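The structure appears below as structure tokens.
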Amino acid sequence: MKINWGTAIVIAFVAFISFIMYFFISMSTDKKFDHDLVTEDYYQQELKYQDDINKVENAKKLNQNIEFKKTNEGIILSFPKDLNTNNIKGKVFLYRPSNKQLDFEMPISLSNHNLLIPDNSLLDGRWNIKIDWSYKADEFMFKKEFNY
């Protein structure tokens, strides 16, 4: 059977469209390619974004901001030494971009101006940490990306 150039072009187009359709369907239905929003209530979080910016700016005005140190026991967060630890309230949120099942949140409970995030809570890889805290009436926020 002899194929002329017109038939070859049609076969090439059909093959290309078939490949694209296969690729699109496999990407749409396979669970390992799911892409979720960072948070479920994304739009409500976006409305509060200016508050977060103000909290970060307040934290920059402190004499000493939160210090972040990686150790064998885990991560030690050191809060400013000139603040009374009884008046520090807030929460620590750790976000894993590659797997939302690993995300967790913990309240701030300090001992000697330090907070330990245990090693067994963290897997190797990239993490984002967000510490939303307050001291008396002032609100602060600390954000950092790190590899563990």
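Just remember, in the structure tokens the first chain shown is A, the second B, etc., residues are 1-based per chain, and ligands are 1-based in the order shown.
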Which of range 5-124 of chain A fall in helix (DSSP H, G or I), as a ChimeraX atom specification: /A:5-29,31-33,42-47,49-60,85-87,100-102,119-121
DSSP-assigned strand (DSSP E or B) members of chain A, reported as a count of residues only: 47
Phe142 in chain A surroundings by only C-alpha atoms, 8 Å radius, close-in-sequence under 3 positions cut, as a VMD selection string: chain A and resid 56 59 66 129 to 132
